[in-house]
file coords-v9.txt (compact mmCIF, C-alpha atoms and all ligand atoms)
# COMPACT_ATOMS: atom_id res chain seq x y z
CA MET A 1 4.04 -10.78 -35.62
CA SER A 2 2.60 -8.20 -33.19
CA ILE A 3 4.43 -4.95 -32.49
CA GLU A 4 4.76 -6.13 -28.90
CA GLN A 5 6.88 -9.11 -29.94
CA ASP A 6 9.42 -6.71 -31.48
CA ILE A 7 9.93 -4.80 -28.25
CA ALA A 8 12.39 -6.12 -25.66
CA ILE A 9 10.79 -5.90 -22.23
CA PRO A 10 13.50 -4.84 -19.73
CA GLY A 11 14.29 -7.55 -17.18
CA LEU A 12 11.53 -9.79 -18.50
CA ARG A 13 10.59 -12.85 -16.43
CA GLU A 14 7.78 -15.17 -17.37
CA ARG A 15 5.49 -17.01 -14.95
CA ALA A 16 7.00 -15.25 -11.95
CA PRO A 17 5.64 -15.42 -8.40
CA ILE A 18 4.42 -12.17 -6.85
CA PRO A 19 5.63 -11.84 -3.27
CA THR A 20 3.00 -10.28 -1.01
CA TRP A 21 2.70 -9.91 2.74
CA PHE A 22 -0.22 -12.38 2.73
CA ASN A 23 2.42 -14.89 1.59
CA ILE A 24 -0.11 -16.58 -0.71
CA GLY A 25 -1.81 -16.02 -4.05
CA GLY A 26 -1.09 -16.26 -7.76
CA GLY A 27 1.78 -14.96 -9.88
CA ALA A 28 2.40 -12.85 -12.96
CA ASP A 29 2.42 -14.08 -16.54
CA ARG A 30 5.25 -11.56 -17.02
CA THR A 31 7.25 -9.23 -14.81
CA ALA A 32 9.58 -6.44 -15.94
CA ARG A 33 12.40 -4.68 -14.08
CA PRO A 34 13.06 -1.31 -15.72
CA ARG A 35 16.11 0.56 -14.41
CA THR A 36 15.49 3.89 -16.15
CA GLU A 37 12.54 6.06 -17.08
CA GLN A 38 13.08 5.17 -20.73
CA GLU A 39 12.80 1.46 -19.86
CA LEU A 40 9.62 2.16 -17.92
CA ARG A 41 8.29 3.93 -21.02
CA VAL A 42 9.02 0.77 -23.02
CA CYS A 43 7.02 -1.28 -20.50
CA LEU A 44 4.08 1.14 -20.83
CA SER A 45 4.19 0.83 -24.60
CA VAL A 46 3.99 -2.97 -24.26
CA ASP A 47 1.09 -2.93 -21.80
CA PRO A 48 -0.48 0.48 -21.02
CA GLU A 49 -2.60 -1.32 -18.40
CA LEU A 50 0.46 -2.60 -16.54
CA VAL A 51 0.48 -2.67 -12.75
CA VAL A 52 3.32 -1.71 -10.40
CA LEU A 53 4.38 -4.02 -7.59
CA GLY A 54 5.64 -2.15 -4.55
CA GLY A 55 6.36 -4.05 -1.36
CA GLY A 56 3.22 -6.17 -1.77
CA ALA A 57 2.05 -5.06 1.69
CA ASN A 58 -1.44 -4.08 0.59
CA LEU A 59 -1.92 -6.58 -2.15
CA LEU A 60 -3.74 -9.83 -2.82
CA VAL A 61 -3.22 -11.63 -6.13
CA ASP A 62 -6.02 -13.96 -7.18
CA ASP A 63 -5.07 -17.65 -7.32
CA ASP A 64 -4.85 -17.76 -11.10
CA GLY A 65 -2.58 -14.72 -11.15
CA THR A 66 -2.58 -11.67 -13.39
CA ASP A 67 -2.09 -11.32 -17.12
CA ARG A 68 -1.09 -7.65 -16.84
CA LEU A 69 2.59 -6.83 -17.13
CA VAL A 70 3.80 -6.46 -13.53
CA VAL A 71 6.52 -3.85 -13.18
CA VAL A 72 8.98 -4.08 -10.30
CA LEU A 73 10.82 -0.83 -9.52
CA ASP A 74 13.56 -2.24 -7.30
CA SER A 75 16.65 -1.12 -9.20
CA GLY A 76 18.35 1.76 -11.06
CA VAL A 77 16.91 5.25 -10.73
CA PHE A 78 13.87 3.92 -8.89
CA VAL A 79 15.85 3.19 -5.72
CA GLU A 80 17.97 6.37 -5.65
CA LYS A 81 17.54 8.69 -2.70
CA GLU A 82 18.87 11.99 -1.36
CA ILE A 83 18.56 13.13 2.24
CA ASP A 84 19.57 16.72 2.93
CA GLU A 85 19.96 17.07 6.70
CA ALA A 86 20.29 20.85 6.61
CA SER A 87 17.14 21.68 4.64
CA GLY A 88 15.03 18.58 5.42
CA ARG A 89 14.55 17.91 1.71
CA VAL A 90 14.28 14.18 1.05
CA VAL A 91 13.86 12.78 -2.47
CA ALA A 92 13.31 9.04 -2.85
CA GLY A 93 12.69 6.77 -5.81
CA ALA A 94 9.36 4.95 -5.83
CA GLY A 95 11.04 1.61 -5.21
CA CYS A 96 12.86 2.68 -2.03
CA ASP A 97 11.90 0.66 1.02
CA PHE A 98 9.85 3.08 3.13
CA PRO A 99 10.69 1.78 6.65
CA ARG A 100 14.41 2.08 5.77
CA LEU A 101 13.92 5.65 4.50
CA LEU A 102 12.09 6.47 7.72
CA ILE A 103 14.93 5.15 9.91
CA GLU A 104 17.52 7.01 7.83
CA SER A 105 15.56 10.27 8.14
CA VAL A 106 15.23 9.84 11.90
CA ARG A 107 18.98 9.13 12.21
CA ALA A 108 19.66 12.26 10.15
CA GLY A 109 17.60 14.25 12.67
CA LEU A 110 14.66 14.88 10.37
CA SER A 111 11.13 14.83 11.67
CA GLY A 112 7.91 14.31 9.70
CA LEU A 113 7.71 10.61 8.82
CA GLU A 114 7.81 9.04 12.32
CA GLY A 115 4.00 8.78 12.50
CA LEU A 116 4.24 6.25 9.68
CA GLY A 117 6.36 3.85 11.74
CA GLY A 118 5.37 0.21 11.29
CA ILE A 119 3.89 0.70 7.79
CA PRO A 120 5.66 -1.65 5.38
CA GLY A 121 6.04 -0.98 1.67
CA THR A 122 7.79 1.23 -0.84
CA VAL A 123 7.74 4.99 -1.25
CA GLY A 124 5.57 4.58 -4.39
CA GLY A 125 3.15 2.25 -2.63
CA LEU A 126 2.75 4.51 0.40
CA VAL A 127 2.18 7.60 -1.76
CA ARG A 128 -0.27 5.75 -4.06
CA MET A 129 -2.28 4.55 -1.04
CA ASN A 130 -1.78 7.74 1.00
CA ALA A 131 -0.83 5.36 3.76
CA GLY A 132 -1.21 6.45 7.34
CA GLY A 133 -3.38 6.14 10.39
CA LYS A 134 -3.82 7.56 13.87
CA PHE A 135 -0.55 9.53 13.65
CA GLY A 136 -1.01 11.13 10.21
CA SER A 137 -0.70 10.25 6.54
CA ILE A 138 2.15 10.38 4.08
CA ALA A 139 0.37 13.27 2.33
CA ASP A 140 1.37 15.44 5.32
CA ALA A 141 5.04 15.20 4.31
CA VAL A 142 4.81 15.17 0.48
CA VAL A 143 6.03 18.25 -1.38
CA ARG A 144 6.07 16.92 -4.95
CA VAL A 145 5.56 13.64 -6.86
CA ASN A 146 7.20 12.69 -10.16
CA ALA A 147 5.12 10.28 -12.19
CA MET A 148 4.60 8.90 -15.66
CA ASP A 149 1.26 8.73 -17.43
CA ARG A 150 0.09 5.75 -19.47
CA ASP A 151 1.43 7.37 -22.69
CA GLY A 152 4.93 7.44 -21.18
CA ASP A 153 4.91 11.20 -20.56
CA ARG A 154 6.57 12.56 -17.41
CA VAL A 155 4.26 14.51 -15.07
CA VAL A 156 5.29 16.51 -11.99
CA PHE A 157 2.61 17.05 -9.36
CA GLU A 158 3.07 19.73 -6.73
CA ARG A 159 1.49 18.86 -3.39
CA ALA A 160 -1.46 21.25 -3.92
CA GLU A 161 -2.32 19.49 -7.19
CA ILE A 162 -2.58 16.02 -5.65
CA PRO A 163 -6.12 15.20 -4.51
CA PHE A 164 -5.02 13.18 -1.47
CA SER A 165 -7.87 11.82 0.64
CA TYR A 166 -8.35 8.96 3.07
CA ARG A 167 -6.15 6.05 1.77
CA LYS A 168 -6.27 7.60 -1.74
CA SER A 169 -3.86 9.77 -3.68
CA GLY A 170 -5.89 10.33 -6.82
CA LEU A 171 -2.75 9.17 -8.68
CA GLU A 172 -4.13 5.69 -9.38
CA GLU A 173 -3.76 6.11 -13.16
CA PHE A 174 -0.07 7.05 -12.94
CA VAL A 175 3.17 5.22 -12.31
CA ILE A 176 4.89 7.02 -9.45
CA ILE A 177 8.60 7.46 -10.15
CA SER A 178 9.76 9.33 -7.06
CA ALA A 179 8.53 11.57 -4.28
CA GLU A 180 9.96 14.59 -2.53
CA PHE A 181 9.30 15.14 1.17
CA GLY A 182 9.73 18.28 3.24
CA LEU A 183 10.93 17.25 6.71
CA THR A 184 11.90 19.38 9.70
CA PRO A 185 15.43 19.28 11.14
CA CYS A 186 15.35 18.36 14.84
CA GLU A 187 17.35 16.53 17.53
CA PRO A 188 17.66 12.88 16.33
CA ALA A 189 16.75 11.71 19.87
CA ARG A 190 13.41 13.53 19.65
CA ALA A 191 12.47 11.91 16.33
CA ARG A 192 13.65 8.51 17.64
CA ASP A 193 11.50 8.78 20.80
CA ARG A 194 8.46 9.68 18.73
CA LEU A 195 9.07 6.71 16.41
CA LYS A 196 9.42 4.37 19.41
CA GLU A 197 6.12 5.65 20.80
CA VAL A 198 4.35 4.97 17.47
CA MET A 199 5.91 1.50 17.20
CA ARG A 200 4.87 0.67 20.78
CA TYR A 201 1.26 1.55 19.97
CA LYS A 202 1.36 -0.52 16.75
CA SER A 203 2.83 -3.62 18.34
CA GLN A 204 0.21 -3.51 21.11
CA SER A 205 -2.76 -3.16 18.78
CA GLN A 206 -1.84 -5.11 15.62
CA PRO A 207 -0.72 -8.66 14.81
CA MET A 208 2.50 -7.33 13.26
CA GLY A 209 4.29 -10.66 12.91
CA ALA A 210 1.42 -12.45 11.13
CA ASP A 211 0.97 -12.83 7.34
CA SER A 212 -1.52 -10.09 6.45
CA ALA A 213 -1.92 -6.94 4.40
CA GLY A 214 -2.74 -4.73 7.35
CA CYS A 215 -6.30 -3.40 7.42
CA CYS A 216 -8.55 -5.08 4.86
CA PHE A 217 -11.27 -2.42 4.90
CA LYS A 218 -11.34 1.36 5.06
CA ASN A 219 -12.93 2.98 8.10
CA PRO A 220 -16.45 3.93 6.92
CA THR A 221 -18.20 7.26 7.43
CA LEU A 222 -21.67 6.56 8.79
CA ALA A 223 -24.59 7.62 6.57
CA SER A 224 -26.95 7.55 9.57
CA ASP A 225 -26.71 7.07 13.34
CA VAL A 226 -25.78 3.53 14.34
CA TYR A 227 -26.71 2.62 17.90
CA ASP A 228 -23.68 2.19 20.16
CA ILE A 229 -21.29 2.80 17.24
CA GLY A 230 -21.52 6.45 16.15
CA ARG A 231 -23.51 9.34 14.72
CA ALA A 232 -24.24 10.14 11.10
CA GLY A 233 -21.19 11.71 9.45
CA GLU A 234 -18.74 10.13 11.90
CA THR A 235 -15.89 7.94 10.60
CA VAL A 236 -15.68 4.83 12.72
CA PRO A 237 -13.13 1.99 12.83
CA ALA A 238 -14.03 -0.85 10.46
CA GLY A 239 -12.41 -3.15 13.05
CA LEU A 240 -15.00 -2.10 15.66
CA LEU A 241 -17.90 -2.94 13.30
CA ILE A 242 -16.31 -6.28 12.33
CA ASP A 243 -15.71 -7.16 15.97
CA ARG A 244 -19.27 -6.19 17.02
CA ALA A 245 -20.66 -8.18 14.08
CA GLY A 246 -19.08 -11.21 15.79
CA CYS A 247 -16.44 -11.88 13.13
CA LYS A 248 -13.26 -12.07 15.24
CA GLY A 249 -11.75 -15.53 14.78
CA VAL A 250 -14.07 -16.40 11.85
CA ALA A 251 -12.17 -18.40 9.22
CA VAL A 252 -12.51 -19.56 5.62
CA GLY A 253 -9.93 -22.21 4.76
CA GLY A 254 -6.55 -20.83 5.81
CA ALA A 255 -7.73 -17.21 6.21
CA THR A 256 -8.84 -15.96 9.63
CA VAL A 257 -10.10 -12.67 11.04
CA SER A 258 -7.42 -11.75 13.58
CA ASP A 259 -8.33 -12.00 17.28
CA ARG A 260 -5.96 -9.11 17.92
CA HIS A 261 -7.36 -6.61 15.39
CA ALA A 262 -10.63 -7.45 13.64
CA ASN A 263 -9.75 -5.48 10.49
CA PHE A 264 -6.72 -7.74 9.85
CA ILE A 265 -7.18 -11.01 7.95
CA VAL A 266 -4.25 -13.31 8.61
CA THR A 267 -3.30 -16.31 6.53
CA SER A 268 -1.69 -19.62 7.37
CA PRO A 269 0.34 -21.82 5.00
CA GLY A 270 -1.95 -23.47 2.44
CA ALA A 271 -4.43 -20.59 2.42
CA THR A 272 -5.60 -19.43 -1.00
CA ALA A 273 -6.42 -15.96 -2.28
CA GLY A 274 -9.94 -17.37 -2.77
CA ASP A 275 -10.12 -18.01 1.01
CA VAL A 276 -9.21 -14.37 1.74
CA ILE A 277 -11.70 -13.01 -0.82
CA ALA A 278 -14.50 -15.27 0.49
CA LEU A 279 -13.71 -14.19 4.07
CA MET A 280 -13.69 -10.48 3.12
CA ASP A 281 -17.10 -10.98 1.46
CA ARG A 282 -18.42 -12.80 4.52
CA VAL A 283 -17.20 -10.06 6.88
CA ALA A 284 -18.65 -7.28 4.69
CA GLU A 285 -21.99 -9.10 4.58
CA ALA A 286 -22.05 -9.59 8.36
CA VAL A 287 -21.41 -5.85 8.92
CA ARG A 288 -24.03 -4.91 6.31
CA GLU A 289 -26.65 -7.17 7.93
CA ARG A 290 -25.89 -6.13 11.50
CA PHE A 291 -25.40 -2.36 11.02
CA GLY A 292 -26.49 -1.49 7.47
CA VAL A 293 -22.97 -0.18 6.81
CA GLU A 294 -21.13 -0.88 3.53
CA LEU A 295 -17.44 -1.65 4.00
CA GLU A 296 -15.04 -0.70 1.21
CA ARG A 297 -11.91 -2.79 0.65
CA GLU A 298 -8.55 -1.16 1.34
CA VAL A 299 -6.62 -4.18 0.09
CA VAL A 300 -5.90 -4.08 -3.66
CA VAL A 301 -6.84 -7.31 -5.48
CA TRP A 302 -5.25 -8.23 -8.81
CA SER A 303 -7.09 -10.71 -11.06
CA ARG A 304 -6.91 -11.68 -14.72
CA ARG A 305 -8.53 -9.38 -17.27
CA ALA A 306 -11.84 -10.76 -18.52
C1 LIG A 401 1.63 -5.41 9.08
C2 LIG A 401 1.05 -4.34 8.19
C3 LIG A 401 0.68 -3.13 8.75
C4 LIG A 401 0.15 -2.12 7.94
N1 LIG A 401 -0.23 -0.94 8.51
C5 LIG A 401 -0.71 0.05 7.72
C6 LIG A 401 -1.08 1.32 8.30
O1 LIG A 401 -0.96 1.55 9.50
N2 LIG A 401 -1.57 2.27 7.46
C7 LIG A 401 -1.71 2.06 6.11
O2 LIG A 401 -2.15 2.98 5.40
N3 LIG A 401 -1.37 0.88 5.55
C8 LIG A 401 -0.88 -0.12 6.32
N4 LIG A 401 -0.56 -1.32 5.76
C9 LIG A 401 -0.75 -1.53 4.30
C10 LIG A 401 0.49 -1.18 3.44
O3 LIG A 401 1.65 -1.14 4.23
C11 LIG A 401 0.30 0.17 2.75
O4 LIG A 401 -0.89 0.20 1.97
C12 LIG A 401 1.47 0.51 1.80
O5 LIG A 401 1.21 1.77 1.24
C13 LIG A 401 1.66 -0.53 0.70
O6 LIG A 401 2.82 -0.19 -0.04
P1 LIG A 401 3.47 -1.25 -1.02
O7 LIG A 401 4.68 -0.63 -1.62
O8 LIG A 401 3.66 -2.54 -0.34
O9 LIG A 401 2.35 -1.36 -2.14
P2 LIG A 401 1.79 -2.69 -2.82
O10 LIG A 401 1.05 -3.50 -1.82
O11 LIG A 401 2.86 -3.37 -3.58
O12 LIG A 401 0.75 -2.05 -3.86
C14 LIG A 401 -0.42 -1.38 -3.38
C15 LIG A 401 -0.97 -0.56 -4.55
O13 LIG A 401 -0.05 0.50 -4.85
C16 LIG A 401 0.31 0.45 -6.24
N5 LIG A 401 1.68 0.92 -6.39
C17 LIG A 401 2.80 0.48 -5.74
N6 LIG A 401 3.88 1.19 -6.16
C18 LIG A 401 3.43 2.05 -7.09
C19 LIG A 401 4.06 3.03 -7.93
N7 LIG A 401 5.37 3.26 -7.89
N8 LIG A 401 3.29 3.73 -8.78
C20 LIG A 401 1.95 3.51 -8.86
N9 LIG A 401 1.30 2.62 -8.11
C21 LIG A 401 2.03 1.89 -7.24
C22 LIG A 401 0.13 -1.03 -6.62
O14 LIG A 401 0.00 -1.17 -8.02
C23 LIG A 401 -1.12 -1.38 -5.84
O15 LIG A 401 -2.26 -0.89 -6.53
C24 LIG A 401 -0.02 -2.35 6.55
C25 LIG A 401 0.36 -3.57 5.98
C26 LIG A 401 0.88 -4.57 6.79
C27 LIG A 401 1.30 -5.87 6.17

call {"tool": "encode", "arguments": {"input": "coords-v9.txt", "output": "structure tokens", "more": "lines below"}}
Ligand SMILES: Cc1cc2nc3c(=O)[nH]c(=O)nc-3n(C[C@H](O)[C@H](O)[C@H](O)COP(=O)(O)OP(=O)(O)OC[C@H]3O[C@@H](n4cnc5c(N)ncnc54)[C@H](O)[C@@H]3O)c2cc1C
result
Amino acid sequence: MSIEQDIAIPGLRERAPIPTWFNIGGGADRTARPRTEQELRVCLSVDPELVVLGGGANLLVDDDGTDRLVVVLDSGVFVEKEIDEASGRVVAGAGCDFPRLLIESVRAGLSGLEGLGGIPGTVGGLVRMNAGGKFGSIADAVVRVNAMDRDGDRVVFERAEIPFSYRKSGLEEFVIISAEFGLTPCEPARARDRLKEVMRYKSQSQPMGADSAGCCFKNPTLASDVYDIGRAGETVPAGLLIDRAGCKGVAVGGATVSDRHANFIVTSPGATAGDVIALMDRVAEAVRERFGVELEREVVVWSRRA
């Protein structure tokens, strides 16, 4: 008998579906639902290569699923939160729904997260991805992150120690447990108006109701001048390159490049993860051929270990 068989995995479910915003894709051989840090430690001892499921808003799971232990942090200490209106200190468990936290902060008259309006997911997912866009990134509001390393040891990262960069936190090897944000007390109406402005922009430029994972590719920084696109060193929208490469509306099976925003791939019922992966490859190839620019995926893809 292996050691693993002796350990009780908290909240174990076998052959469980993995809900993602693409609304398609494979499942998990096993999911766990730890409620405490000690239970999370147990999960890490069972599978140190486990993966954490947040809101599934930036995730594609290959059609034959994943054999890694998938940890869901939607209960216990992982969904606790504290909002201090007077100081602007907000502490939220990694599993807290981010859009809800944002609305609660705005109602409490705290400013600093409104630029992230319209970004679905959990606190842990947004920090891990350093989610953001035109109106700023979550890194702008982070003061401290509590995490666990793969040996089950607790690590506290102060903001200055976190190597945040474009859609990256540098915390990829860690399980994020909670994050602390430093927000600024203000008139609730002011924060609300700002949030409305951000949401208006999003709903005009993105297919928000469709099944997608938001932007599929990161905006590339050009290595050399590209005629009619930008100069060397400039970061340009991946959507612009995809559109100019003639990919809007291109489809593979049930996956289509959105007509509304070329960096969104939307899926229809019956689509497979394989369709989305094949379409991402086709789009990247079209951009490479047309402009000589390499697109890097923003969407995280889970597959089985070899
Ligand atoms: C309609 C739509 C609009 C979007 N707009 C934007 C946008 O404007 N800007 C933007 O940046 N993104 C955007 N996204 C993408 C997505 O919302 C973000 O990437 C978000 O950060 C994903 O969070 P999540 O909790 O859903 O993470 P998931 O998709 O569940 O996971 C993403 C990655 O984070 C890891 N992860 C999740 N939780 C933890 C944790 N606690 N500890 C360690 N790792 C963890 C996962 O293992 C995975 O590697 C959009 C998506 C959609 C569907």

call {"tool": "closest_residue", "arguments": {"input": "coords-v9.txt", "among": "A:Arg33, A:Lys196, A:Arg304, A:Arg154", "to": "Gly54 of chain A", "atoms": "only C-alpha atoms"}}
result
A:Arg33

call {"tool": "atom_distance", "arguments": {"input": "coords-v9.txt", "atom1": "atom CA of Ser169 of chain A", "atom2": "atom O4 of ligand LIG 401 (chain A)"}}
result
11.5 Å

call {"tool": "closest_residue", "arguments": {"input": "coords-v9.txt", "among": "A:Met208, A:Ala141, A:Leu44, A:Val77", "to": "ligand LIG 401 (chain A)", "atoms": "all atoms listed in the file"}}
result
A:Met208

call {"tool": "residues_near_ligand", "arguments": {"input": "coords-v9.txt", "ligand": "ligand LIG 401 (chain A)", "cutoff": "6 Å", "atoms": "only C-alpha atoms and all ligand atoms", "output": "PyMOL selection string"}}
result
chain A and resi 21+51-59+94+119-122+124-126+128-129+131-133+174-177+208+212-214+300

call {"tool": "axis_aligned_box", "arguments": {"input": "coords-v9.txt", "around": "segment 200-213 of chain A", "padding_each_side": "4 Å", "output": "JSON"}}
result
{"center_x": 1.1, "center_y": -5.6, "center_z": 12.8, "size_x": 15.6, "size_y": 22.4, "size_z": 24.7}

call {"tool": "atom_distance", "arguments": {"input": "coords-v9.txt", "atom1": "atom CA of Leu60 of chain A", "atom2": "atom CA of Gly26 of chain A"}}
result
8.5 Å

call {"tool": "build_atoms", "arguments": {"input": "coords-v9.txt", "residues": "segment 135-155 of chain A", "atoms": "N, CA and C atoms", "output": "PDB file, keeping the file's coordinate frame"}}
result
ATOM      1  N   PHE A 135      -1.593   8.521  13.459  1.00  0.00           N
ATOM      2  CA  PHE A 135      -0.550   9.530  13.650  1.00  0.00           C
ATOM      3  C   PHE A 135      -0.275  10.354  12.380  1.00  0.00           C
ATOM      4  N   GLY A 136      -1.188  10.320  11.419  1.00  0.00           N
ATOM      5  CA  GLY A 136      -1.010  11.130  10.210  1.00  0.00           C
ATOM      6  C   GLY A 136      -0.855  10.283   8.969  1.00  0.00           C
ATOM      7  N   SER A 137      -0.805  10.947   7.825  1.00  0.00           N
ATOM      8  CA  SER A 137      -0.700  10.250   6.540  1.00  0.00           C
ATOM      9  C   SER A 137       0.526  10.748   5.804  1.00  0.00           C
ATOM     10  N   ILE A 138       0.948   9.993   4.809  1.00  0.00           N
ATOM     11  CA  ILE A 138       2.150  10.380   4.080  1.00  0.00           C
ATOM     12  C   ILE A 138       1.934  11.710   3.347  1.00  0.00           C
ATOM     13  N   ALA A 139       0.674  12.005   3.002  1.00  0.00           N
ATOM     14  CA  ALA A 139       0.370  13.270   2.330  1.00  0.00           C
ATOM     15  C   ALA A 139       0.889  14.463   3.126  1.00  0.00           C
ATOM     16  N   ASP A 140       0.938  14.324   4.463  1.00  0.00           N
ATOM     17  CA  ASP A 140       1.370  15.440   5.320  1.00  0.00           C
ATOM     18  C   ASP A 140       2.812  15.852   5.033  1.00  0.00           C
ATOM     19  N   ALA A 141       3.622  14.908   4.497  1.00  0.00           N
ATOM     20  CA  ALA A 141       5.040  15.200   4.310  1.00  0.00           C
ATOM     21  C   ALA A 141       5.423  15.393   2.837  1.00  0.00           C
ATOM     22  N   VAL A 142       4.488  15.096   1.923  1.00  0.00           N
ATOM     23  CA  VAL A 142       4.810  15.170   0.480  1.00  0.00           C
ATOM     24  C   VAL A 142       4.866  16.623   0.001  1.00  0.00           C
ATOM     25  N   VAL A 143       5.910  16.921  -0.782  1.00  0.00           N
ATOM     26  CA  VAL A 143       6.030  18.250  -1.380  1.00  0.00           C
ATOM     27  C   VAL A 143       5.725  18.157  -2.883  1.00  0.00           C
ATOM     28  N   ARG A 144       6.157  17.031  -3.494  1.00  0.00           N
ATOM     29  CA  ARG A 144       6.070  16.920  -4.950  1.00  0.00           C
ATOM     30  C   ARG A 144       6.147  15.430  -5.312  1.00  0.00           C
ATOM     31  N   VAL A 145       5.465  15.035  -6.388  1.00  0.00           N
ATOM     32  CA  VAL A 145       5.560  13.640  -6.860  1.00  0.00           C
ATOM     33  C   VAL A 145       5.884  13.655  -8.349  1.00  0.00           C
ATOM     34  N   ASN A 146       6.870  12.860  -8.738  1.00  0.00           N
ATOM     35  CA  ASN A 146       7.200  12.690 -10.160  1.00  0.00           C
ATOM     36  C   ASN A 146       6.550  11.385 -10.617  1.00  0.00           C
ATOM     37  N   ALA A 147       5.854  11.468 -11.729  1.00  0.00           N
ATOM     38  CA  ALA A 147       5.120  10.280 -12.190  1.00  0.00           C
ATOM     39  C   ALA A 147       5.194  10.186 -13.698  1.00  0.00           C
ATOM     40  N   MET A 148       4.678   9.067 -14.219  1.00  0.00           N
ATOM     41  CA  MET A 148       4.600   8.900 -15.660  1.00  0.00           C
ATOM     42  C   MET A 148       3.160   8.504 -15.992  1.00  0.00           C
ATOM     43  N   ASP A 149       2.621   9.116 -17.057  1.00  0.00           N
ATOM     44  CA  ASP A 149       1.260   8.730 -17.430  1.00  0.00           C
ATOM     45  C   ASP A 149       1.309   7.503 -18.353  1.00  0.00           C
ATOM     46  N   ARG A 150       0.152   7.023 -18.731  1.00  0.00           N
ATOM     47  CA  ARG A 150       0.090   5.750 -19.470  1.00  0.00           C
ATOM     48  C   ARG A 150       0.619   5.900 -20.912  1.00  0.00           C
ATOM     49  N   ASP A 151       0.810   7.154 -21.366  1.00  0.00           N
ATOM     50  CA  ASP A 151       1.430   7.370 -22.690  1.00  0.00           C
ATOM     51  C   ASP A 151       2.941   7.468 -22.577  1.00  0.00           C
ATOM     52  N   GLY A 152       3.476   7.353 -21.366  1.00  0.00           N
ATOM     53  CA  GLY A 152       4.930   7.440 -21.180  1.00  0.00           C
ATOM     54  C   GLY A 152       5.412   8.870 -20.992  1.00  0.00           C
ATOM     55  N   ASP A 153       4.485   9.810 -20.773  1.00  0.00           N
ATOM     56  CA  ASP A 153       4.910  11.200 -20.560  1.00  0.00           C
ATOM     57  C   ASP A 153       5.144  11.456 -19.073  1.00  0.00           C
ATOM     58  N   ARG A 154       6.184  12.220 -18.781  1.00  0.00           N
ATOM     59  CA  ARG A 154       6.570  12.560 -17.410  1.00  0.00           C
ATOM     60  C   ARG A 154       5.642  13.659 -16.887  1.00  0.00           C
ATOM     61  N   VAL A 155       5.128  13.501 -15.674  1.00  0.00           N
ATOM     62  CA  VAL A 155       4.260  14.510 -15.070  1.00  0.00           C
ATOM     63  C   VAL A 155       4.789  14.828 -13.679  1.00  0.00           C
TER      64      VAL A 155
END
